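Colleague: Let me begin by handing over the structure; questions about it come next.
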Amino acid sequence: MLRIEDLHVEVDGREVLSGVDLEVPAGHTCVLFGPNGSGKSTLLHTIMGFGQYEVTKGRILFLGRDVTHLPIHERARMGMGIMLQRPPNIVGLRLNDLVVAAGDGHLDTEETAKALNMDRFLERDINVGFSGGEIKRSELLQLSMQEPCFFLLDEPESGVDMESIDLVGRKIHSMLYDKKGCGWEKGDRSKSALVITHTGKVLDYIDADCAYVIRGGRIMCSGRPRDILRDIQERGYGECIKCRMVKL
Amino acid sequence: MRRRAEEALKRKGAFGRDYDLDEFEPGSSEGDTYETLEDITPEQKQTMMNVGVLPSAEERSGSLVYVDNAVVHQSSADQGMELLPTLDAMERYDWLSDYSWRAVPVDKDKYTARAYLEGANGYFIRVKAGRKVEFPVQTCMMIDTEKRTQHTHNIIIVEEGASLDIITGCATSSHANESLHLGMSEIYVLDGGSLSFSMIHNWGEKTGVRPRTGVELGKEASFVNNYVIMKPAGSVQSYPTCQLNGEGAAAKFNSIAISHPGSEIDLGSQVIMNAPHSAAEILSRSITLGGEMIARGRLVGNAPDIRAHLECRSLIMSEEGRTLAIPELEAMYPDVEMTHEAAVGKIAREQVEYLMARGLDEDEAVGMIVRGFLEGSIRGLPESLRQEIDDAVSMANLGN
């Protein structure tokens with residue numbers, strides 16, 4: 001589904017990713033752990049193609065195609081969808097207009113919004129005055145309409161209260177396990193995802209297949225998500241990486 | 001009055017480029033009249049339609065078309081409302097002299113003086129007390145002859161508890177580019193009345209436009225003014241003054257403008273709150289594509305317990321051009337709540353990319369943001385204005 005080879009990325013002339021190698025096989029969900037400032041969000045934004053991130057070396061392969069320099073909307077149209085942690089406010093533009101534009105018309109906007117408790121927000125300006133939980137639900141609403149086959153989720157559980165976490169988690173589950181085919185199947189799943197998580201909370205809702213730990217702009221280790229999360233929780237990132245590297 | 005006007009003939013306008021009135025002949029005040037708007041010439045019909053005036057007059061309570069300086073059509077379909085050429089109304093009603101040239105003084109500047117001295121005709125609209133007119137009245141001011149001045153004197157009176165919507169289209173036909181429009185409008189909304197006044201413009205690239213508008217509101221009266229100019233124009237300078245004279249009166253001025261290369265667009269409005277508990281809002285949304293754009297706004301709190309807000313936002317979408325926002329607040333009492341915001345800049349790249357990540361290409365993303373910017377924050381715009389903005393955004397190809 002997604003393969004990243006020796007990816008180097010600069011932001012404002014400073015190297016943030018220094019040779020990332022990573023793979024998300026079709027039908028798999030992989031999580032990305034890493035301390036603050038390790039380059040997690042940069043990696044997700046670069047995969048989506050945001051302009052601030054300059055790829056200086058390496059490449060991104062999506063569905064077997066080199067998309068390293070493809071415009072954002074073409075990646076989106078190939079089936080890539082992102083949930084941002086801090087999306088911009090757009091004064092004057094109603095959420096409804098974007099949600100409708102993101103879909104292909106076969107889903108009912110009102111119904112989809114209701115399921116996310118967002119129907120009251122459709123007439124509101126996008127993200128203007130939204131709380132943390134509302135922003136997450138707005139992002140998920142947009143993604144639900146967009147129906148990507150490959151999800152990039154940037155800390156879906158951050159800044160969300162306990163009650164909303166359940167709603168957000170269940171929604172992510174239903175999107176990832178949606179039966180709509182993407183041309184490949186892995187058991188009962190056809191969607192793939194790369195999910196950033198700090199707390200691992202989202203693992204309660206998705207059946208993740210693989211995990212990567214990124215630090216200093218490099219993937220330091222990979223393994224089974226629960227094992228890695230336990231190591232990080234018990235011993236911190238530094239120790240986790242050290243011991244896993246020995247095992248490797 | 002005549003002497004005052006004559007003395008003002010050399011008085012320059014407070015803002016905007018000065019026009020030498022001697023360079024323009026007054027446009028003709030004679031013209032063929034038409035029984036229905038469908039009989040009007042095809043070219044004029046097209047010019048009207050481009051500014052939201054419907055030849056079918058469907059869902060309109062009345063229509064009046066003014067070409068150069070002649071009323072060529074008038075019709076009214078509502079018993080509770082009168083729609084007449086101003087000069088006819090002046091002849092019919094002695095009391096009209098109490099309103100004529102009151103909200104707009106004849107000696108304000110050379111443009112008001114010229115309109116007065118030329119004996120400007122125009123439209124008179126009166127809505128009788130308590131009458132809620134269901135459909136909008138449409139009027140069209142069209143300049144059809146090159147190198148001419150069009151002067152109009154419009155008087156609108158919405159009596160106690162009555163309500164009315166007006167849609168006005170102002171345009172020059174294709175063969176009347178270098179001409180001058182001097183449109184005088186006096187608007188009186190009496191106690192408890194309400195008026196919504198929407199204007200769409202389509203001038204020539206060299207047309208000079210110097211409207212002068214005065215508005216007076218009584219107790220609990222409300223007034224909404226929507227000014228939309230999306231197409232290239234020569235030099236437009238407009239600065240209506242609204243006096244809130246009755247307790248609880250409320251006025252709202254919305255302007256939405258695009259300044260194309262070569263255009264000078266100077267739009268402002270001022271609201272003077274003379275009565276307690278009155279409220280005013282001025283919202284301006286503009287874009288320069290290379291022309292000059294000036295957004296003025298002035299709010300004056302002349303009474304206690306008033307509320308007023310002014311908001312100018314402008315996008316710069318070209319390396320050329322200039323934008324100037326001039327918000328002013330003036331208060332004479334401590335118990336006032338008056339605020340303003342002004343913002344000038346380009347579209348945030350982050351916003352464009354956000355929409356692109358949802359599958360929109362760059363042009364679609366920019367168009368959507370611009371449409372939202374222009375019309376999204378202004379609730380309750382009439383459909384024809386919304387359409388005008390949508391068309392302009394699509395045509396301007398703003399993503400490039």
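Ordering of the structure tokens sets the chain letters (A, B, ...), residue numbers begin anew at 1 in every chain, and ligands are numbered from 1 in the order given.
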So that I can see what lies close to Met220 in chain A, please list as a PyMOL selection string the residues with an atom at most 8 Å from it, counting only C-alpha atoms and leaving out residues fewer than 3 positions away in the same chain.

Modeller: chain A and resi 212-215+241+245

Colleague: Could you make a table, as JSON lines, of the residues of chain A that have an atom within 8 Å of an atom of chain B, each with its nearest atom pair and distance in Å to one decimal, counting only C-alpha atoms, in chain and number order?

Modeller:
```
{"residue": "A:Met48", "atom": "CA", "partner": "B:Ala357", "partner_atom": "CA", "distance": 7.2}
{"residue": "A:Phe50", "atom": "CA", "partner": "B:Glu353", "partner_atom": "CA", "distance": 6.6}
{"residue": "A:Gly51", "atom": "CA", "partner": "B:Glu353", "partner_atom": "CA", "distance": 7.8}
{"residue": "A:Ile72", "atom": "CA", "partner": "B:Ala357", "partner_atom": "CA", "distance": 5.7}
{"residue": "A:His73", "atom": "CA", "partner": "B:Gly359", "partner_atom": "CA", "distance": 4.5}
{"residue": "A:Glu74", "atom": "CA", "partner": "B:Gly359", "partner_atom": "CA", "distance": 7.0}
{"residue": "A:Arg75", "atom": "CA", "partner": "B:Ala357", "partner_atom": "CA", "distance": 7.8}
{"residue": "A:Ala76", "atom": "CA", "partner": "B:Gly359", "partner_atom": "CA", "distance": 5.0}
{"residue": "A:Arg77", "atom": "CA", "partner": "B:Gly359", "partner_atom": "CA", "distance": 5.6}
{"residue": "A:Gly81", "atom": "CA", "partner": "B:Ala357", "partner_atom": "CA", "distance": 6.9}
{"residue": "A:Ile82", "atom": "CA", "partner": "B:Ala357", "partner_atom": "CA", "distance": 7.1}
{"residue": "A:Pro87", "atom": "CA", "partner": "B:Tyr354", "partner_atom": "CA", "distance": 7.3}
{"residue": "A:Pro88", "atom": "CA", "partner": "B:Gln351", "partner_atom": "CA", "distance": 6.1}
{"residue": "A:Asn89", "atom": "CA", "partner": "B:Gln351", "partner_atom": "CA", "distance": 7.7}
{"residue": "A:Ile90", "atom": "CA", "partner": "B:Gln351", "partner_atom": "CA", "distance": 6.9}
{"residue": "A:Val91", "atom": "CA", "partner": "B:Phe373", "partner_atom": "CA", "distance": 6.6}
{"residue": "A:Gly92", "atom": "CA", "partner": "B:Gly376", "partner_atom": "CA", "distance": 4.0}
{"residue": "A:Leu93", "atom": "CA", "partner": "B:Gly372", "partner_atom": "CA", "distance": 4.4}
{"residue": "A:Arg94", "atom": "CA", "partner": "B:Gly376", "partner_atom": "CA", "distance": 7.4}
{"residue": "A:Leu98", "atom": "CA", "partner": "B:Leu355", "partner_atom": "CA", "distance": 7.5}
{"residue": "A:Ala101", "atom": "CA", "partner": "B:Leu360", "partner_atom": "CA", "distance": 7.5}
{"residue": "A:Ala102", "atom": "CA", "partner": "B:Arg358", "partner_atom": "CA", "distance": 5.2}
{"residue": "A:Gln142", "atom": "CA", "partner": "B:Arg358", "partner_atom": "CA", "distance": 7.6}
{"residue": "A:Leu143", "atom": "CA", "partner": "B:Arg358", "partner_atom": "CA", "distance": 7.9}
{"residue": "A:Gln146", "atom": "CA", "partner": "B:Arg358", "partner_atom": "CA", "distance": 6.7}
```

Colleague: Just how far from CA of Glu43 in chain B is CA of Arg60 in chain B, in Å to one decimal?

Modeller: 21.5 Å

Colleague: Give the answer as one residue: which of B:Gly130, B:Gly27, B:Val137, B:Ala5 has the shortest atom-to-atom distance to Glu58 in chain B, using only C-alpha atoms?

Modeller: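 Among B:Gly130, B:Gly27, B:Val137, B:Ala5, it is B:Val137 that comes nearest to Glu58 in chain B.
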
Colleague: Would you list the contacts of Ala115 in chain A as a PyMOL selection string, taking every protein, DNA or RNA residue within 12 Å and counting only C-alpha atoms, but skipping same-chain residues closer than 5 positions in sequence?

Modeller: chain A and resi 108-110+120+137-138+140-141+144+167-168+170-171+174

Colleague: Those same residues, written as an mmCIF file, in the first residue's frame with C-alpha atoms?

Modeller:
```
data_model
loop_
_atom_site.group_PDB
_atom_site.id
_atom_site.type_symbol
_atom_site.label_atom_id
_atom_site.label_comp_id
_atom_site.auth_asym_id
_atom_site.auth_seq_id
_atom_site.Cartn_x
_atom_site.Cartn_y
_atom_site.Cartn_z
ATOM 1 C CA ASP A 108 -26.108 11.447 3.007
ATOM 2 C CA THR A 109 -24.311 14.374 4.623
ATOM 3 C CA GLU A 110 -26.911 14.997 7.289
ATOM 4 C CA ARG A 120 -25.416 21.133 14.379
ATOM 5 C CA ARG A 137 -15.329 14.844 14.863
ATOM 6 C CA SER A 138 -15.247 17.401 12.058
ATOM 7 C CA LEU A 140 -13.751 12.327 10.895
ATOM 8 C CA LEU A 141 -16.891 13.623 9.204
ATOM 9 C CA SER A 144 -16.216 9.592 6.259
ATOM 10 C CA LEU A 167 -17.200 8.062 19.826
ATOM 11 C CA VAL A 168 -13.990 8.926 17.973
ATOM 12 C CA ARG A 170 -15.669 3.669 17.395
ATOM 13 C CA LYS A 171 -15.909 5.858 14.314
ATOM 14 C CA SER A 174 -16.052 1.538 11.580
#
```

Colleague: Which parts of range 32-238 of chain A does DSSP call alpha helix (DSSP H) when run on the backbone here, written out as an MDAnalysis selection string?

Modeller: chainID A and resid 40:48 72:77 95:102 109:115 132:146 162:176 225:238

Colleague: Just list as a VMD selection string whatever in range 40-205 of chain A DSSP marks as strand (DSSP E).

Modeller: chain A and resid 53 to 62 65 to 66 80 to 83 90 to 94 125 to 126 150 to 154 192 to 196

Colleague: Show which residues sit within 8 Å of Gly169 in chain B, as a list in words. Count only C-alpha atoms, and ignore same-chain residues fewer than 6 positions away.

Modeller: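 Close residues of Gly169 in chain B: Met48, Val51, Gly52, Val53, Gln138, Thr139, Cys140, Met141, Met199, Ile200, His201 and Asn202 of chain B.
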
Colleague: Would you mind reading off the distance between CA of Phe124 in chain B and CA of Leu164 in chain B, one decimal, in Å?

Modeller: 13.4 Å

Colleague: CA of Asn274 in chain B and CA of Val215 in chain B, how far apart in Å?

Modeller: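 Distance reported for this atom pair: 12.8 Å.
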
Colleague: I want to know what sits within 9 Å of range 12-17 of chain A, based on only C-alpha atoms, with residues of the same chain fewer than 6 positions away left out; could you give that as a list in words?

Modeller: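 Near neighbours after the sequence-gap exclusion: Gly37, Ser38, Gly39, Thr42, Leu43, Gln52, Tyr53, Glu54, Thr56, Gly216, Gly217 and Arg218 of chain A.
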
Colleague: Output all heavy atoms for every residue in that selection, as a compact mmCIF listing (two decimals), in the first residue's frame.

Modeller:
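Result file again18.txt:
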```
# COMPACT_ATOMS: atom_id res chain seq x y z
N GLY A 37 8.41 16.04 18.90
CA GLY A 37 9.47 16.59 18.05
C GLY A 37 10.29 15.54 17.33
O GLY A 37 11.33 15.84 16.76
N SER A 38 9.81 14.29 17.32
CA SER A 38 10.61 13.23 16.69
C SER A 38 10.40 13.18 15.18
O SER A 38 11.15 12.52 14.48
CB SER A 38 10.23 11.88 17.31
OG SER A 38 8.83 11.67 17.17
N GLY A 39 9.36 13.86 14.70
CA GLY A 39 9.11 13.88 13.25
C GLY A 39 7.87 13.11 12.83
O GLY A 39 7.66 12.89 11.64
N THR A 42 5.47 15.39 10.86
CA THR A 42 6.16 15.74 9.61
C THR A 42 6.04 14.60 8.62
O THR A 42 5.77 14.82 7.43
CB THR A 42 7.65 16.03 9.90
OG1 THR A 42 7.71 17.17 10.74
CG2 THR A 42 8.42 16.30 8.62
N LEU A 43 6.21 13.37 9.11
CA LEU A 43 6.13 12.21 8.22
C LEU A 43 4.73 12.12 7.60
O LEU A 43 4.58 11.97 6.38
CB LEU A 43 6.48 10.93 9.00
CG LEU A 43 6.41 9.64 8.18
CD1 LEU A 43 7.34 9.69 6.97
CD2 LEU A 43 6.73 8.42 9.04
N GLN A 52 4.90 22.68 2.80
CA GLN A 52 5.92 23.15 3.73
C GLN A 52 7.07 22.15 3.86
O GLN A 52 8.16 22.50 4.34
CB GLN A 52 5.24 23.32 5.09
CG GLN A 52 5.89 24.26 6.04
CD GLN A 52 5.25 24.10 7.42
OE1 GLN A 52 4.10 23.67 7.56
NE2 GLN A 52 6.01 24.44 8.45
N TYR A 53 6.82 20.90 3.44
CA TYR A 53 7.78 19.83 3.68
C TYR A 53 8.50 19.49 2.38
O TYR A 53 7.89 19.03 1.42
CB TYR A 53 7.05 18.59 4.25
CG TYR A 53 6.25 18.96 5.47
CD1 TYR A 53 4.93 19.39 5.37
CD2 TYR A 53 6.86 18.97 6.73
CE1 TYR A 53 4.22 19.78 6.49
CE2 TYR A 53 6.15 19.36 7.86
CZ TYR A 53 4.83 19.78 7.72
OH TYR A 53 4.15 20.18 8.83
N GLU A 54 9.80 19.71 2.39
CA GLU A 54 10.55 19.51 1.15
C GLU A 54 11.32 18.19 1.20
O GLU A 54 12.18 17.99 2.08
CB GLU A 54 11.52 20.69 0.95
CG GLU A 54 12.06 20.74 -0.46
CD GLU A 54 13.29 21.63 -0.57
OE1 GLU A 54 13.51 22.48 0.33
OE2 GLU A 54 14.04 21.47 -1.55
N THR A 56 14.14 16.03 0.19
CA THR A 56 15.45 16.27 -0.41
C THR A 56 16.07 14.97 -0.92
O THR A 56 17.00 14.99 -1.71
CB THR A 56 16.41 16.92 0.61
OG1 THR A 56 16.41 16.12 1.80
CG2 THR A 56 15.96 18.33 0.97
N GLY A 216 14.31 11.32 16.42
CA GLY A 216 15.34 12.08 15.73
C GLY A 216 15.23 11.97 14.21
O GLY A 216 16.24 11.96 13.50
N GLY A 217 14.02 11.82 13.72
CA GLY A 217 13.82 11.80 12.27
C GLY A 217 14.13 10.47 11.62
O GLY A 217 14.30 10.39 10.41
N ARG A 218 14.25 9.41 12.43
CA ARG A 218 14.55 8.06 11.90
C ARG A 218 13.67 7.03 12.56
O ARG A 218 13.34 7.17 13.75
CB ARG A 218 15.98 7.69 12.29
CG ARG A 218 17.05 8.29 11.46
CD ARG A 218 18.25 7.35 11.59
NE ARG A 218 18.98 7.31 10.36
CZ ARG A 218 20.18 7.91 10.23
NH1 ARG A 218 20.74 8.52 11.25
NH2 ARG A 218 20.80 7.84 9.08
```

Colleague: Closest to Gly169 in chain A among A:Leu84, A:Val67, A:Val202, A:Met145, using only C-alpha atoms?

Modeller: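 Among A:Leu84, A:Val67, A:Val202, A:Met145, it is A:Val202 that comes nearest to Gly169 in chain A.
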
Colleague: Quick one: everything within 8 Å of range 95-100 of chain B, counting only C-alpha atoms, minus sequence neighbours fewer than 5 positions away in the same chain. Send it as a list of chain:residue names.

Modeller: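 Neighbouring residues, sequence-local ones excluded: B:Ala89, B:Met90, B:Ile155, B:Glu186.
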